[in-house]
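Before any comments, here is the structure.
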Amino acid sequence: GSDSGAVGPTGAMEKSVTLSVAKKVQSLLTNSGARVIMTRNQDVDVYAPNASDAQELQARCNVANRDSRTSLFLSIHCNAFSSPSAHGTEVYYYSGSVRGQKLASSIHRELLQAGGLADRGVRTANFYVIKHSSMPATLLELAFITNPREEALLGDSKYQTSLARAIVRGISKYFGA
């Protein structure tokens, strides 16, 4: 959409990486029999072009919250920092959400094994989408797109597939399968 998200040193855009990983997750889950609702399937804004952050984030929650059968909310991101040496994987859930913590921890373990990056932990946060979703939710920071090594990994289709498979394994373990 109109917001690229973070941009890496060679121009990789968060929105492109995360959409690619999300579509791989969707394909894997759908092929396993899951019903997947995407907030976006292409490079578009969910609310409207140039919407405020609050409008865009609420629109994403609205997509998930409109169906009471939705079992979880997954928000996929690439981290960014002013220093290119920042690195690693971290996963967030909303404080007080026991099921959100379980989901975050399950996916986090799998991402660490598959991604091979530094462990920045499972943390609580007050991020809009995990706070305002009506089901267990987690926000994934796959890696730092502002770190040259991690940007290169994030741009690699095979690495993206590995991360997608890890996310799906984490979801499967969350559900006890």
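By order in the structure tokens, chains are A, B, ...; within a chain, residues start at 1; ligands start at 1, following the order shown.
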Give me the range 43-63 of chain A side of the contact with range 132-149 of chain A, cut-off 8 Å, one line per residue showing its nearest atom pair and distance in Å at one decimal, counting only C-alpha atoms, sorted by chain and residue number, as a Markdown table.
```
| residue | atom | partner | partner_atom | distance |
| --- | --- | --- | --- | --- |
| A:Gln58 | CA | A:His132 | CA | 7.7 |
| A:Cys61 | CA | A:Ser133 | CA | 5.4 |
| A:Asn62 | CA | A:Ser133 | CA | 8.0 |
```
Those residues with N, CA, C and O atoms, as a compact mmCIF listing (two decimals), in the first residue's frame please?
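Result file is again-v7.txt:
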```txt
# COMPACT_ATOMS: atom_id res chain seq x y z
N GLN A 58 -6.93 -0.29 12.67
CA GLN A 58 -8.27 -0.75 13.04
C GLN A 58 -8.90 -1.55 11.91
O GLN A 58 -9.58 -2.54 12.15
N CYS A 61 -7.75 -5.06 12.22
CA CYS A 61 -8.46 -5.75 13.30
C CYS A 61 -9.90 -6.08 12.89
O CYS A 61 -10.41 -7.15 13.21
N ASN A 62 -10.54 -5.16 12.18
CA ASN A 62 -11.92 -5.38 11.75
C ASN A 62 -12.04 -6.62 10.86
O ASN A 62 -13.01 -7.37 10.96
```
Name all residues at most 8 Å from Ala166 in chain A (count only C-alpha atoms; drop same-chain ones fewer than 6 positions away) and give them as a CSV table (one decimal) with C-alpha atoms, in the first residue's frame.
```
chain,number,residue,atom,x,y,z
A,107,ILE,CA,5.8,-19.5,16.9
A,110,GLU,CA,10.0,-22.5,15.6
A,111,LEU,CA,11.2,-19.2,14.1
A,113,GLN,CA,15.1,-22.9,14.9
A,114,ALA,CA,14.4,-22.1,11.3
```
Provide the CA of Ala104 in chain A to CA of Val91 in chain A distance in Å, to one decimal place.
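Between CA of Ala104 in chain A and CA of Val91 in chain A the gap works out to 6.0 Å.
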Shell of 12 Å around Val63 in chain A, only C-alpha atoms, local chain residues under 4 positions omitted, as an MDAnalysis selection string
chainID A and resid 36:40 46:47 56:59 67:68 70 72:74 129 132:134
Step one, run DSSP on the backbone; step two, keep only residues of range 27-177 of chain A assigned to alpha helix (DSSP H); then write them as a PyMOL selection string.
chain A and resi 27-31+53-65+98-115+128-131+148-154+157-174
Find the residues near Tyr93 in chain A: any atom within 9 Å, counting only C-alpha atoms, skip ones fewer than 4 places away on the same chain, and give them as a list in words.
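My reading of the contact set: Ser97, Gly100, Gln101, Lys102, Leu103, Ala104, Val122, Arg123, Thr124, Ala125, Asn126, Phe127, Ile130, Lys131, Pro136, Ala137, Thr138 and Leu139 of chain A.
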Between CA of Val98 in chain A and CA of Arg165 in chain A, what distance in Å does the model show, to one decimal?
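Answer for the CA of Val98 in chain A to CA of Arg165 in chain A separation: 23.9 Å.
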Met13 in chain A environment, 8 Å, only C-alpha atoms, sequence neighbours closer than 6 positions dropped, as a VMD selection string
chain A and resid 4 to 7 145
